[in-house]
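Student: Handing over work.cif, mmCIF, C-alpha atoms.
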```cif
data_work
#
loop_
_atom_site.label_atom_id
_atom_site.label_comp_id
_atom_site.auth_asym_id
_atom_site.auth_seq_id
_atom_site.Cartn_x
_atom_site.Cartn_y
_atom_site.Cartn_z
CA MET A 1 0.00 0.00 0.00
CA SER A 2 2.76 2.36 0.97
CA ALA A 3 4.18 2.70 -2.52
CA GLU A 4 0.82 3.14 -4.19
CA GLY A 5 0.29 6.40 -6.02
CA GLY A 6 3.78 7.53 -5.16
CA LEU A 7 2.79 8.14 -1.53
CA THR A 8 5.42 7.93 1.19
CA THR A 9 4.67 6.23 4.50
CA THR A 10 4.33 9.58 6.22
CA GLY A 11 2.15 10.81 3.39
CA TYR A 12 -0.07 7.74 3.65
CA ILE A 13 -0.57 8.18 7.38
CA GLN A 14 -1.17 11.90 7.09
CA HIS A 15 -3.60 11.33 4.27
CA HIS A 16 -5.57 8.97 6.48
CA LEU A 17 -5.62 11.40 9.36
CA THR A 18 -6.82 14.42 7.40
CA ASN A 19 -10.45 15.37 7.53
CA LEU A 20 -12.50 16.38 4.54
CA ALA A 21 -12.71 20.08 5.40
CA VAL A 22 -14.72 22.85 3.80
CA CYS A 23 -14.33 26.54 4.42
CA SER A 24 -14.56 29.85 2.63
CA ASP A 25 -11.83 30.57 0.09
CA ALA A 26 -10.45 33.28 2.35
CA ALA A 27 -9.59 30.73 5.05
CA LYS A 28 -7.57 28.51 2.70
CA ASP A 29 -3.80 28.52 2.53
CA ALA A 30 -1.72 28.19 -0.60
CA ALA A 31 -2.05 24.37 -0.62
CA GLY A 32 -5.83 24.58 -0.35
CA HIS A 33 -6.00 23.45 3.30
CA CYS A 34 -8.46 25.12 5.60
CA HIS A 35 -7.41 27.07 8.67
CA GLY A 36 -9.26 29.00 11.30
CA PHE A 37 -12.45 28.40 13.26
CA TRP A 38 -15.03 28.48 10.46
CA THR A 39 -14.00 25.17 8.98
CA PHE A 40 -16.38 22.25 8.77
CA HIS A 41 -15.23 18.63 8.74
CA LEU A 42 -17.75 17.29 6.27
CA ASP A 43 -16.75 13.65 6.76
CA THR A 44 -17.26 13.80 10.53
CA LEU A 45 -20.54 15.68 10.22
CA LEU A 46 -21.97 13.46 7.48
CA ILE A 47 -20.83 10.07 8.72
CA SER A 48 -21.87 10.70 12.32
CA GLY A 49 -25.14 12.24 11.17
CA ILE A 50 -26.01 9.44 8.77
CA LEU A 51 -25.06 6.76 11.31
CA GLY A 52 -27.16 8.50 13.94
CA LEU A 53 -30.14 8.96 11.65
CA VAL A 54 -30.02 5.31 10.57
CA VAL A 55 -29.61 3.82 14.01
CA PHE A 56 -31.97 6.14 15.89
CA GLY A 57 -34.47 6.03 13.04
CA LEU A 58 -34.39 2.25 13.25
CA MET A 59 -34.78 2.33 17.01
CA ALA A 60 -37.68 4.78 16.75
CA LYS A 61 -39.33 2.52 14.16
CA VAL A 62 -38.91 -0.50 16.41
CA ALA A 63 -40.15 1.49 19.40
CA SER A 64 -43.24 2.70 17.54
CA LYS A 65 -44.22 -0.92 16.89
CA ALA A 66 -43.10 -2.19 20.29
CA SER A 67 -45.69 -4.30 22.03
CA ALA A 68 -45.84 -5.87 25.44
CA GLY A 69 -46.29 -9.29 23.86
CA VAL A 70 -43.51 -11.62 22.83
CA PRO A 71 -40.92 -9.29 21.25
CA SER A 72 -39.62 -9.91 17.74
CA GLY A 73 -35.89 -10.39 17.19
CA LEU A 74 -35.03 -6.76 16.49
CA GLN A 75 -37.27 -5.43 19.24
CA ASN A 76 -35.68 -7.89 21.58
CA PHE A 77 -32.21 -6.66 20.66
CA VAL A 78 -33.14 -2.97 21.01
CA GLU A 79 -34.81 -3.69 24.33
CA MET A 80 -31.73 -5.55 25.50
CA VAL A 81 -29.48 -2.56 24.74
CA VAL A 82 -31.94 -0.05 26.16
CA GLY A 83 -32.53 -2.24 29.19
CA LEU A 84 -28.79 -2.51 29.84
CA VAL A 85 -28.41 1.28 29.76
CA ASP A 86 -31.53 1.78 31.87
CA GLN A 87 -30.19 -0.63 34.49
CA GLN A 88 -26.97 1.39 34.74
CA VAL A 89 -29.00 4.59 35.12
CA LYS A 90 -31.16 3.01 37.82
CA ASP A 91 -28.10 1.78 39.70
CA THR A 92 -26.25 5.09 39.58
CA PHE A 93 -28.74 7.92 39.19
CA HIS A 94 -31.23 8.15 42.02
CA GLY A 95 -32.98 11.38 41.10
CA LYS A 96 -36.03 11.72 38.91
CA SER A 97 -35.42 12.87 35.38
CA ALA A 98 -36.95 12.09 32.02
CA LEU A 99 -33.71 13.14 30.34
CA VAL A 100 -30.96 10.99 31.86
CA THR A 101 -31.95 7.59 30.44
CA PRO A 102 -32.56 8.86 26.87
CA LEU A 103 -29.29 10.82 27.08
CA ALA A 104 -27.40 7.72 28.20
CA ILE A 105 -29.04 5.59 25.48
CA THR A 106 -28.15 8.19 22.84
CA ILE A 107 -24.53 8.36 23.97
CA PHE A 108 -24.03 4.61 24.22
CA VAL A 109 -25.63 3.73 20.90
CA TRP A 110 -24.24 6.63 18.91
CA VAL A 111 -20.68 6.37 20.23
CA PHE A 112 -20.79 2.62 19.69
CA VAL A 113 -21.82 2.80 16.03
CA MET A 114 -19.34 5.61 15.32
CA ASN A 115 -16.53 3.67 17.00
CA ALA A 116 -17.58 0.58 15.04
CA MET A 117 -16.62 2.39 11.83
CA ASP A 118 -13.09 1.58 12.92
CA LEU A 119 -13.72 -2.08 12.06
CA ILE A 120 -14.16 -1.27 8.36
CA PRO A 121 -10.71 -1.83 6.84
CA VAL A 122 -8.88 1.52 6.84
CA ASP A 123 -8.55 1.87 3.07
CA PHE A 124 -12.09 0.87 2.02
CA LEU A 125 -13.92 4.14 2.54
CA PRO A 126 -11.04 6.52 1.59
CA LEU A 127 -10.47 4.59 -1.66
CA ALA A 128 -14.19 4.49 -2.42
CA ALA A 129 -14.40 8.23 -1.75
CA GLY A 130 -11.28 8.82 -3.84
CA ALA A 131 -12.93 7.01 -6.73
CA VAL A 132 -15.71 9.62 -6.76
CA GLY A 133 -13.31 12.54 -6.44
CA ILE A 134 -13.21 13.10 -2.67
CA HIS A 135 -9.54 13.23 -1.71
CA TYR A 136 -9.73 13.13 2.05
CA LEU A 137 -11.96 11.02 4.24
CA LYS A 138 -11.61 10.13 7.89
CA ALA A 139 -14.11 7.35 8.36
CA VAL A 140 -14.26 7.19 12.16
CA PRO A 141 -16.05 10.29 13.50
CA THR A 142 -14.90 9.69 17.08
CA THR A 143 -11.30 10.24 16.01
CA ASP A 144 -12.26 13.87 15.46
CA PRO A 145 -11.91 15.85 18.72
CA ASN A 146 -14.59 18.23 17.47
CA LEU A 147 -17.14 15.47 17.88
CA THR A 148 -15.99 14.27 21.27
CA PHE A 149 -15.78 17.84 22.58
CA ALA A 150 -19.21 18.65 21.18
CA MET A 151 -20.63 15.71 23.10
CA SER A 152 -18.77 16.33 26.34
CA ILE A 153 -19.59 20.06 26.34
CA THR A 154 -23.27 19.25 25.72
CA VAL A 155 -23.15 16.81 28.62
CA PHE A 156 -21.45 19.48 30.73
CA LEU A 157 -24.14 22.06 29.91
CA ILE A 158 -26.93 19.57 30.64
CA SER A 159 -25.35 18.72 34.00
CA ILE A 160 -25.13 22.43 34.95
CA PHE A 161 -28.73 22.92 33.83
CA MET A 162 -29.82 19.87 35.80
CA GLY A 163 -28.00 21.09 38.93
CA LEU A 164 -29.75 24.43 38.67
CA LYS A 165 -33.12 22.83 38.06
CA VAL A 166 -32.93 20.25 40.83
CA LYS A 167 -31.29 22.39 43.52
CA GLY A 168 -32.52 25.84 42.58
CA PHE A 169 -30.24 28.79 41.84
CA GLY A 170 -29.62 29.76 45.48
CA HIS A 171 -28.72 26.31 46.69
CA PHE A 172 -26.58 25.68 43.61
CA MET A 173 -24.59 28.85 44.16
CA HIS A 174 -24.29 28.10 47.86
CA GLU A 175 -22.83 24.73 47.00
CA VAL A 176 -20.42 26.23 44.47
CA PHE A 177 -18.98 28.61 47.07
CA SER A 178 -19.13 26.55 50.27
CA VAL A 179 -18.12 23.03 49.28
CA PRO A 180 -15.74 21.45 50.27
CA PHE A 181 -14.07 23.88 52.73
CA GLY A 182 -17.01 25.88 54.08
CA ALA A 183 -18.17 29.43 53.42
CA LYS A 184 -15.04 31.10 54.88
CA LEU A 185 -12.90 29.87 51.99
CA ALA A 186 -15.41 30.75 49.28
CA PRO A 187 -12.86 31.79 46.60
CA VAL A 188 -10.91 28.57 47.03
CA ASN A 189 -14.10 26.54 46.89
CA PHE A 190 -15.15 28.36 43.74
CA LEU A 191 -11.75 27.76 42.14
CA PHE A 192 -11.92 24.06 43.01
CA ARG A 193 -15.38 23.83 41.59
CA VAL A 194 -14.40 25.52 38.33
CA VAL A 195 -11.41 23.24 37.86
CA GLU A 196 -13.54 20.21 38.63
CA GLU A 197 -16.27 21.23 36.22
CA ILE A 198 -13.86 22.03 33.42
CA ALA A 199 -11.78 18.91 33.93
CA ARG A 200 -14.83 16.72 33.40
CA PRO A 201 -15.69 17.53 29.78
CA ILE A 202 -12.01 17.67 28.83
CA SER A 203 -11.23 14.25 30.29
CA LEU A 204 -14.49 12.81 28.96
CA SER A 205 -13.82 13.91 25.38
CA LEU A 206 -10.08 13.32 25.30
CA ARG A 207 -10.47 9.79 26.68
CA LEU A 208 -12.75 8.77 23.83
CA PHE A 209 -10.77 10.70 21.21
CA GLY A 210 -7.42 9.34 22.41
CA ASN A 211 -8.54 5.74 22.48
CA MET A 212 -10.15 5.81 19.07
CA TYR A 213 -7.36 7.85 17.50
CA ALA A 214 -4.71 5.47 18.80
CA GLY A 215 -6.74 2.45 17.67
CA GLU A 216 -7.15 3.93 14.21
CA MET A 217 -3.43 4.71 14.10
CA VAL A 218 -2.60 1.07 14.87
CA PHE A 219 -4.91 -0.04 12.05
CA ILE A 220 -3.13 2.35 9.68
CA LEU A 221 0.28 1.10 10.77
CA ILE A 222 -0.81 -2.51 10.32
CA ALA A 223 -2.09 -1.62 6.84
CA LEU A 224 1.45 -0.48 5.99
CA LEU A 225 2.91 -3.95 6.56
CA GLY A 226 2.01 -5.33 3.13
CA ILE A 227 1.14 -9.03 3.25
CA TRP A 228 1.83 -9.16 7.01
CA GLN A 229 -1.21 -7.07 7.73
CA LEU A 230 -3.37 -10.12 7.11
CA PRO A 231 -2.47 -12.05 10.29
CA LEU A 232 -2.28 -8.84 12.33
CA ALA A 233 -5.38 -6.89 11.32
CA LEU A 234 -7.81 -9.56 12.48
CA PRO A 235 -6.52 -9.95 16.06
CA TRP A 236 -6.34 -6.17 16.46
CA ALA A 237 -9.89 -5.80 15.09
CA LEU A 238 -11.13 -8.45 17.51
CA PHE A 239 -9.40 -6.73 20.38
CA HIS A 240 -10.67 -3.41 19.15
CA ILE A 241 -14.29 -4.61 19.45
CA LEU A 242 -13.65 -4.60 23.18
CA ILE A 243 -12.27 -1.03 23.09
CA ILE A 244 -15.19 0.16 20.95
CA THR A 245 -17.76 -1.18 23.38
CA LEU A 246 -15.79 -0.19 26.46
CA GLN A 247 -15.31 3.42 25.34
CA ALA A 248 -19.00 3.78 24.50
CA PHE A 249 -19.87 2.31 27.88
CA VAL A 250 -17.37 4.53 29.76
CA PHE A 251 -18.64 7.69 28.09
CA MET A 252 -22.22 6.73 28.95
CA MET A 253 -21.37 5.69 32.50
CA LEU A 254 -19.45 8.88 33.30
CA THR A 255 -22.28 10.95 31.88
CA ILE A 256 -24.70 9.21 34.23
CA VAL A 257 -22.30 9.77 37.13
CA TYR A 258 -21.98 13.48 36.31
CA MET A 259 -25.76 13.81 36.08
CA SER A 260 -26.09 12.00 39.37
CA MET A 261 -23.50 14.31 41.01
CA ALA A 262 -25.19 17.37 39.57
CA SER A 263 -28.58 16.41 40.98
CA GLU A 264 -27.47 15.25 44.43
CA SER A 265 -26.24 17.43 47.23
CA HIS A 266 -22.64 17.01 48.29
CA MET B 1 -6.77 17.99 14.55
CA SER B 2 -7.92 21.52 15.24
CA ILE B 3 -11.05 22.57 17.04
CA ASN B 4 -13.36 24.37 14.66
CA ALA B 5 -16.96 24.97 13.72
CA THR B 6 -17.51 21.22 13.24
CA LEU B 7 -18.05 21.26 17.00
CA ILE B 8 -21.21 23.34 16.61
CA GLY B 9 -22.55 20.99 13.95
CA GLN B 10 -21.82 17.96 16.08
CA ALA B 11 -23.54 19.52 19.07
CA ILE B 12 -26.61 20.06 16.89
CA TRP B 13 -26.54 16.42 15.73
CA PHE B 14 -26.16 15.30 19.33
CA ALA B 15 -29.11 17.42 20.44
CA ILE B 16 -31.26 16.07 17.59
CA PHE B 17 -30.45 12.47 18.50
CA ILE B 18 -31.09 13.07 22.19
CA TRP B 19 -34.46 14.56 21.23
CA ILE B 20 -35.32 11.56 18.99
CA THR B 21 -34.40 9.12 21.73
CA MET B 22 -36.27 11.12 24.35
CA LYS B 23 -39.43 11.46 22.28
CA TYR B 24 -39.65 8.43 20.00
CA VAL B 25 -37.39 5.67 21.32
CA TRP B 26 -37.38 5.57 25.09
CA PRO B 27 -41.01 6.20 26.12
CA PRO B 28 -42.64 3.50 23.93
CA LEU B 29 -39.95 0.98 24.74
CA GLN B 30 -40.16 1.75 28.44
CA LYS B 31 -43.93 1.36 28.32
CA ALA B 32 -43.72 -1.94 26.42
CA MET B 33 -41.12 -3.27 28.82
CA ALA B 34 -43.06 -2.18 31.91
CA ASP B 35 -46.28 -3.65 30.47
CA ARG B 36 -44.54 -6.90 29.73
CA GLN B 37 -43.08 -6.98 33.21
CA SER B 38 -46.51 -6.59 34.78
CA GLN B 39 -47.94 -9.18 32.38
CA ILE B 40 -45.25 -11.66 33.34
CA ALA B 41 -45.82 -10.93 37.03
CA GLU B 42 -49.54 -11.51 36.56
CA GLY B 43 -48.86 -14.69 34.62
CA LEU B 44 -46.61 -16.01 37.34
CA ALA B 45 -49.16 -15.16 40.02
CA ALA B 46 -51.88 -16.90 37.99
CA ALA B 47 -49.65 -19.94 37.58
CA GLU B 48 -49.08 -19.99 41.34
CA ARG B 49 -52.81 -19.76 41.95
CA GLY B 50 -53.46 -22.50 39.41
CA LYS B 51 -50.90 -24.73 41.08
CA HIS B 52 -52.51 -24.16 44.45
CA GLU B 53 -55.95 -24.90 43.06
CA GLN B 54 -54.65 -28.00 41.38
CA GLU B 55 -53.24 -29.21 44.71
CA LEU B 56 -56.60 -28.61 46.36
CA ALA B 57 -58.39 -30.44 43.56
CA ALA B 58 -55.98 -33.36 43.84
CA LYS B 59 -56.71 -33.54 47.56
CA ARG B 60 -60.44 -33.37 46.90
CA SER B 61 -60.27 -36.08 44.28
CA ALA B 62 -58.23 -38.30 46.60
CA ASP B 63 -60.85 -37.82 49.29
CA ALA B 64 -63.66 -38.63 46.90
CA LEU B 65 -61.80 -41.70 45.68
CA ARG B 66 -61.30 -42.98 49.22
CA GLU B 67 -64.94 -42.37 50.04
CA ALA B 68 -66.07 -44.17 46.92
CA LYS B 69 -63.81 -47.10 47.72
CA GLU B 70 -65.22 -47.35 51.23
CA LYS B 71 -68.74 -47.15 49.90
CA SER B 72 -68.12 -49.79 47.26
CA ALA B 73 -66.53 -52.09 49.83
CA ASP B 74 -69.63 -51.67 51.99
CA LEU B 75 -71.85 -52.39 49.04
CA VAL B 76 -69.91 -55.51 48.14
CA ALA B 77 -70.10 -56.76 51.71
CA GLN B 78 -73.82 -56.09 51.85
CA ALA B 79 -74.35 -57.81 48.54
CA GLU B 80 -72.41 -60.82 49.68
CA LYS B 81 -74.46 -61.01 52.82
CA ARG B 82 -77.65 -60.71 50.87
CA ALA B 83 -76.52 -63.40 48.42
CA GLN B 84 -75.76 -65.67 51.35
CA GLN B 85 -79.21 -65.00 52.69
CA ILE B 86 -80.86 -65.71 49.38
CA VAL B 87 -78.97 -68.97 49.01
CA GLU B 88 -79.99 -70.01 52.55
CA GLU B 89 -83.57 -69.08 51.86
CA ALA B 90 -83.58 -71.00 48.62
CA LYS B 91 -82.10 -74.00 50.33
CA GLY B 92 -84.84 -73.87 52.99
CA ASN B 93 -87.58 -73.49 50.42
CA ALA B 94 -86.24 -76.35 48.37
CA LYS B 95 -86.15 -78.63 51.42
CA VAL B 96 -89.74 -77.77 52.32
CA GLU B 97 -90.85 -78.34 48.78
CA ALA B 98 -89.03 -81.65 48.56
CA ASP B 99 -90.53 -82.78 51.83
CA LYS B 100 -93.94 -81.85 50.55
CA VAL B 101 -93.41 -83.78 47.33
CA VAL B 102 -92.11 -86.78 49.21
CA ALA B 103 -95.07 -86.65 51.63
CA GLY B 104 -97.52 -86.43 48.72
CA ALA B 105 -95.91 -89.36 47.01
CA LYS B 106 -96.01 -91.38 50.22
CA ALA B 107 -99.70 -90.60 50.76
CA GLU B 108 -100.49 -91.62 47.23
CA ILE B 109 -98.57 -94.86 47.63
CA ASP B 110 -100.46 -95.54 50.85
CA GLN B 111 -103.80 -94.92 49.15
CA GLU B 112 -102.80 -97.20 46.32
CA VAL B 113 -101.78 -99.91 48.74
CA GLU B 114 -105.06 -99.45 50.61
CA ARG B 115 -107.05 -99.74 47.41
CA ALA B 116 -105.13 -102.83 46.34
CA LYS B 117 -105.76 -104.35 49.74
CA GLN B 118 -109.47 -103.54 49.42
CA GLN B 119 -109.66 -105.14 46.02
CA LEU B 120 -107.74 -108.12 47.28
CA ARG B 121 -110.07 -108.41 50.22
CA GLU B 122 -113.16 -108.35 47.94
CA ARG B 123 -111.66 -110.97 45.66
CA VAL B 124 -110.82 -113.18 48.65
CA ALA B 125 -114.43 -112.91 49.84
CA GLU B 126 -115.73 -113.81 46.38
CA LEU B 127 -113.33 -116.72 46.16
CA ALA B 128 -114.40 -117.86 49.61
CA VAL B 129 -118.05 -117.63 48.64
CA ALA B 130 -117.37 -119.40 45.34
CA GLY B 131 -115.39 -122.12 47.15
CA ALA B 132 -118.11 -122.45 49.72
CA GLU B 133 -120.72 -122.73 46.98
CA LYS B 134 -118.81 -125.48 45.30
CA ILE B 135 -118.45 -127.34 48.56
CA LEU B 136 -122.05 -126.76 49.39
CA ARG B 137 -123.22 -127.90 45.98
CA LYS B 138 -121.39 -131.16 46.43
CA GLU B 139 -122.66 -131.79 49.97
CA ILE B 140 -126.22 -130.70 49.49
CA ASN B 141 -129.03 -133.24 49.27
CA ALA B 142 -132.52 -132.05 49.00
CA SER B 143 -133.99 -134.92 50.83
CA VAL B 144 -131.64 -134.61 53.66
CA HIS B 145 -132.04 -131.05 54.01
CA ALA B 146 -135.79 -130.82 53.21
CA ASP B 147 -136.69 -130.46 56.80
CA MET B 148 -134.26 -127.58 57.32
CA LEU B 149 -135.58 -125.91 54.20
CA VAL B 150 -139.13 -126.36 55.23
CA ALA B 151 -138.29 -124.88 58.58
CA LEU B 152 -136.67 -121.91 56.77
CA LYS B 153 -139.79 -121.60 54.65
CA GLN B 154 -141.84 -121.38 57.72
CA ASP B 155 -139.60 -118.83 59.29
CA LEU B 156 -140.18 -116.60 56.28
#
```
Take the structure in the file and give it back as structure tokens.
Tutor:
Amino acid sequence: MSAEGGLTTTGYIQHHLTNLAVCSDAAKDAAGHCHGFWTFHLDTLLISGILGLVVFGLMAKVASKASAGVPSGLQNFVEMVVGLVDQQVKDTFHGKSALVTPLAITIFVWVFVMNAMDLIPVDFLPLAAGAVGIHYLKAVPTTDPNLTFAMSITVFLISIFMGLKVKGFGHFMHEVFSVPFGAKLAPVNFLFRVVEEIARPISLSLRLFGNMYAGEMVFILIALLGIWQLPLALPWALFHILIITLQAFVFMMLTIVYMSMASESH
Amino acid sequence: MSINATLIGQAIWFAIFIWITMKYVWPPLQKAMADRQSQIAEGLAAAERGKHEQELAAKRSADALREAKEKSADLVAQAEKRAQQIVEEAKGNAKVEADKVVAGAKAEIDQEVERAKQQLRERVAELAVAGAEKILRKEINASVHADMLVALKQDL
């Protein structure tokens, strides 16, 4: 693969790690690459959106026909996934909220299917896209920090909103300034709180991004080994199934924990 | 690798999917699952009730069976007794009847014997008279006995 099209190894890797970006002509440099904030990664947006629409559309279709009788195969499967997530929510989150379980289901299912894109051999989608004139394509949306940060910041905002809603503004502010050292050290408490709150979305998003990016990188490196990729790609893919599921589960679990912490008094 | 406006787009996608799940996926599934749970609970309770009732019915049927057996044993005993009685009765009747028949036969035989004797007696008397006549005819002599006859004539 490495010699194909005159690409160097570095070029091959870089090619695989470049998003399909669109921006205004003013934001492009001499080589045609986009810089600056107003750049959109079309591959991330489209692949994650299409995957989400397909999987949530399917789930909504199943749910609309769900009956209390003996469930069909697909309904059974969806119920199994949803039931697993709901059990985690029930075990961890003790407040009352119509939002937490759907949020956790969305995160688990969406992150799982996006991570699962990693199992498609690394060259399939970029080559297919190249054949129709798209030069860059990063097939795994979760290897784009924009996506993971978008999710973790949304989760962060929901947790703040939930804290305000459950505790009320006064109690929330009181907690921000008086926990853990008491009201006399209010500035220190506030600083601690800010660091804590900011650390959460950063760690949440970087954990998922880092894991998926590293996994994708290993796939790319294996793909560079010529014939030797055959015995190596399969074991790594099998192992990667574990990482895919685990990362989706961890993201979901931590979200539930943050929601639980936001809605319970310290 | 850089953070850019993709983040805003992804947040919008995320919000849309949360909304879909919240509105169209979770509530119907939750309802179906809760309904099924209650149905299963009801089914299990009904099964438990049925089992209990079946136990009761088994007990009742065992009782009825025992009762019926006792009753049938009684009936058989009674019937045997009655059969014994009937046989005894029949035996008695038969004996009486036989005695009667025997007595009748005896009486008839006696009558027959009596009649035979009677006949015999009459014949003996006739024979005696006939014999006596013969003897008398031989012995009689009118001359000798004229006197006696005359005397008889006079007596008349």
Student: For chain A against chain B, which residues fall within 9 Å using all atoms listed in the file, given as a ChimeraX atom specification?
Tutor: /A:17-19,35-42,44-45,48-49,52-53,56-57,59-70,75,78-79,82-83,98-99,101-107,110,144-151,153-154
Student: Please determine, counting all atoms listed in the file, which residue among A:Ile198, A:Val140, A:Leu246, A:Ala21 has the shortest atom-to-atom distance to Phe108 of chain A.
Tutor: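 When distances to Phe108 of chain A are compared using all atoms listed in the file, the smallest one comes from A:Leu246.
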Student: Could you tell me how far atom CA of Leu254 of chain A sits from atom CA of Val218 of chain A, in Å to one decimal place?
Tutor: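 Calculated distance between atom CA of Val218 of chain A and atom CA of Leu254 of chain A is 26.2 Å.
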Student: Mind checking which residues fall within 12 Å of Ala233 of chain A, counting all atoms listed in the file, ignoring those fewer than 6 positions away in the same chain, and posting them as a list in words?
Tutor: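 Surrounding residues, per the criterion: Asp118, Leu119, Ile120, Pro121, Val122, Gly215, Glu216, Val218, Phe219, Ile220, Leu221, Ile222, Ala223, Leu224, Leu225, Gly226, Ile227, Phe239 and His240 of chain A.
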Student: Emit the selected residues as a compact mmCIF listing (two decimals), keeping the file's coordinate frame, including C-alpha atoms.
Tutor:
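Once written, selection06.txt looks like this:
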```
# COMPACT_ATOMS: atom_id res chain seq x y z
CA ASP A 118 -13.09 1.58 12.92
CA LEU A 119 -13.72 -2.08 12.06
CA ILE A 120 -14.16 -1.27 8.36
CA PRO A 121 -10.71 -1.83 6.84
CA VAL A 122 -8.88 1.52 6.84
CA GLY A 215 -6.74 2.45 17.67
CA GLU A 216 -7.15 3.93 14.21
CA VAL A 218 -2.60 1.07 14.87
CA PHE A 219 -4.91 -0.04 12.05
CA ILE A 220 -3.13 2.35 9.68
CA LEU A 221 0.28 1.10 10.77
CA ILE A 222 -0.81 -2.51 10.32
CA ALA A 223 -2.09 -1.62 6.84
CA LEU A 224 1.45 -0.48 5.99
CA LEU A 225 2.91 -3.95 6.56
CA GLY A 226 2.01 -5.33 3.13
CA ILE A 227 1.14 -9.03 3.25
CA PHE A 239 -9.40 -6.73 20.38
CA HIS A 240 -10.67 -3.41 19.15
```
Student: To one decimal in Å, tell me the separation between atom CA of Gly170 of chain A and atom CA of Asn189 of chain A.
Tutor: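 Those two atoms sit 15.9 Å apart.
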Student: Extract, using all atoms listed in the file, all DNA, RNA and protein residues at most 8 Å from Pro201 of chain A, discarding same-chain residues fewer than 2 positions from it, and format them as a list in words.
Tutor: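 Residues near the query, excluding close chain neighbours: Phe149, Ser152, Ile153, Val155, Phe156, Glu197, Ile198, Ala199, Ser203, Leu204 and Ser205 of chain A.
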Student: So how many Å separate atom CA of Gln247 of chain A and atom CA of Pro231 of chain A, to one decimal?
Tutor: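 One can read the atom CA of Gln247 of chain A to atom CA of Pro231 of chain A distance as 25.1 Å.
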Student: Leaving out Tyr213 of chain A and any residue of its chain fewer than 3 positions from it, which residues lie within 8 Å of it when counting all atoms listed in the file, given as a VMD selection string?
Tutor: chain A and resid 142 to 143 209 to 210 216 to 217
Student: Hey, which of A:Ala262, A:Met252, A:Val55, A:Cys34 ends up closest to His171 of chain A? Count only C-alpha atoms.
Tutor: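 Smallest separation from His171 of chain A among the options: A:Ala262.
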Student: List the residues selected by the PyMOL selection byres ((chain A and resi 95) around 12) in the file shown, writing them as a ChimeraX atom specification.
Tutor: /A:89-94,96-101,162-163,165-167,256-257,259-265
Student: Quick one: residues within 10 Å of segment 193-196 of chain A, all atoms listed in the file, excluding same-chain residues fewer than 4 positions away - as a list in words?
Tutor: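 Here the answer would be Glu175, Val176, Phe177, Ser178, Val179, Pro180, Pro187, Val188, Asn189, Arg200 and Pro201 of chain A.
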Student: Compile the contact shell of Gly32 of chain A as a PyMOL selection string: residues with an atom at most 10 Å away, counting all atoms listed in the file, same-chain residues fewer than 4 positions apart removed.
Tutor: chain A and resi 22-23+25+27-28
Student: Expand the PyMOL selection byres ((chain A and resi 134-138) around 7) into the individual residues it matches in the shown file, reporting them as an NGL selection string.
Tutor: :A and (15-20 or 43 or 126 or 129-130 or 132-133 or 139-140)
Student: Store the residues of this selection in a file with C-alpha atoms, as an mmCIF file, in the frame of the given file.
Tutor:
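To be explicit, this is the file written out as out-v9.cif:
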```
data_model
loop_
_atom_site.group_PDB
_atom_site.id
_atom_site.type_symbol
_atom_site.label_atom_id
_atom_site.label_comp_id
_atom_site.auth_asym_id
_atom_site.auth_seq_id
_atom_site.Cartn_x
_atom_site.Cartn_y
_atom_site.Cartn_z
ATOM 1 C CA HIS A 15 -3.600 11.330 4.270
ATOM 2 C CA HIS A 16 -5.570 8.970 6.480
ATOM 3 C CA LEU A 17 -5.620 11.400 9.360
ATOM 4 C CA THR A 18 -6.820 14.420 7.400
ATOM 5 C CA ASN A 19 -10.450 15.370 7.530
ATOM 6 C CA LEU A 20 -12.500 16.380 4.540
ATOM 7 C CA ASP A 43 -16.750 13.650 6.760
ATOM 8 C CA PRO A 126 -11.040 6.520 1.590
ATOM 9 C CA ALA A 129 -14.400 8.230 -1.750
ATOM 10 C CA GLY A 130 -11.280 8.820 -3.840
ATOM 11 C CA VAL A 132 -15.710 9.620 -6.760
ATOM 12 C CA GLY A 133 -13.310 12.540 -6.440
ATOM 13 C CA ALA A 139 -14.110 7.350 8.360
ATOM 14 C CA VAL A 140 -14.260 7.190 12.160
#
```
Student: Take segment 133-139 of chain B, model N, CA and C atoms, and hand the result over as a compact mmCIF listing (two decimals), in the coordinates of the input.
Tutor:
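Done, and the output landed in rebuild20.txt:
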```
# COMPACT_ATOMS: atom_id res chain seq x y z
N GLU B 133 -119.64 -122.30 47.85
CA GLU B 133 -120.72 -122.73 46.98
C GLU B 133 -120.43 -124.09 46.39
N LYS B 134 -119.17 -124.18 45.89
CA LYS B 134 -118.81 -125.48 45.30
C LYS B 134 -118.93 -126.58 46.32
N ILE B 135 -118.39 -126.32 47.53
CA ILE B 135 -118.45 -127.34 48.56
C ILE B 135 -119.90 -127.61 48.86
N LEU B 136 -120.68 -126.59 49.02
CA LEU B 136 -122.05 -126.76 49.39
C LEU B 136 -122.80 -127.53 48.30
N ARG B 137 -122.55 -127.19 47.04
CA ARG B 137 -123.22 -127.90 45.98
C ARG B 137 -122.96 -129.39 46.06
N LYS B 138 -121.75 -129.76 46.33
CA LYS B 138 -121.39 -131.16 46.43
C LYS B 138 -122.09 -131.80 47.62
N GLU B 139 -122.16 -131.24 48.74
CA GLU B 139 -122.66 -131.79 49.97
C GLU B 139 -124.18 -131.78 50.03
```
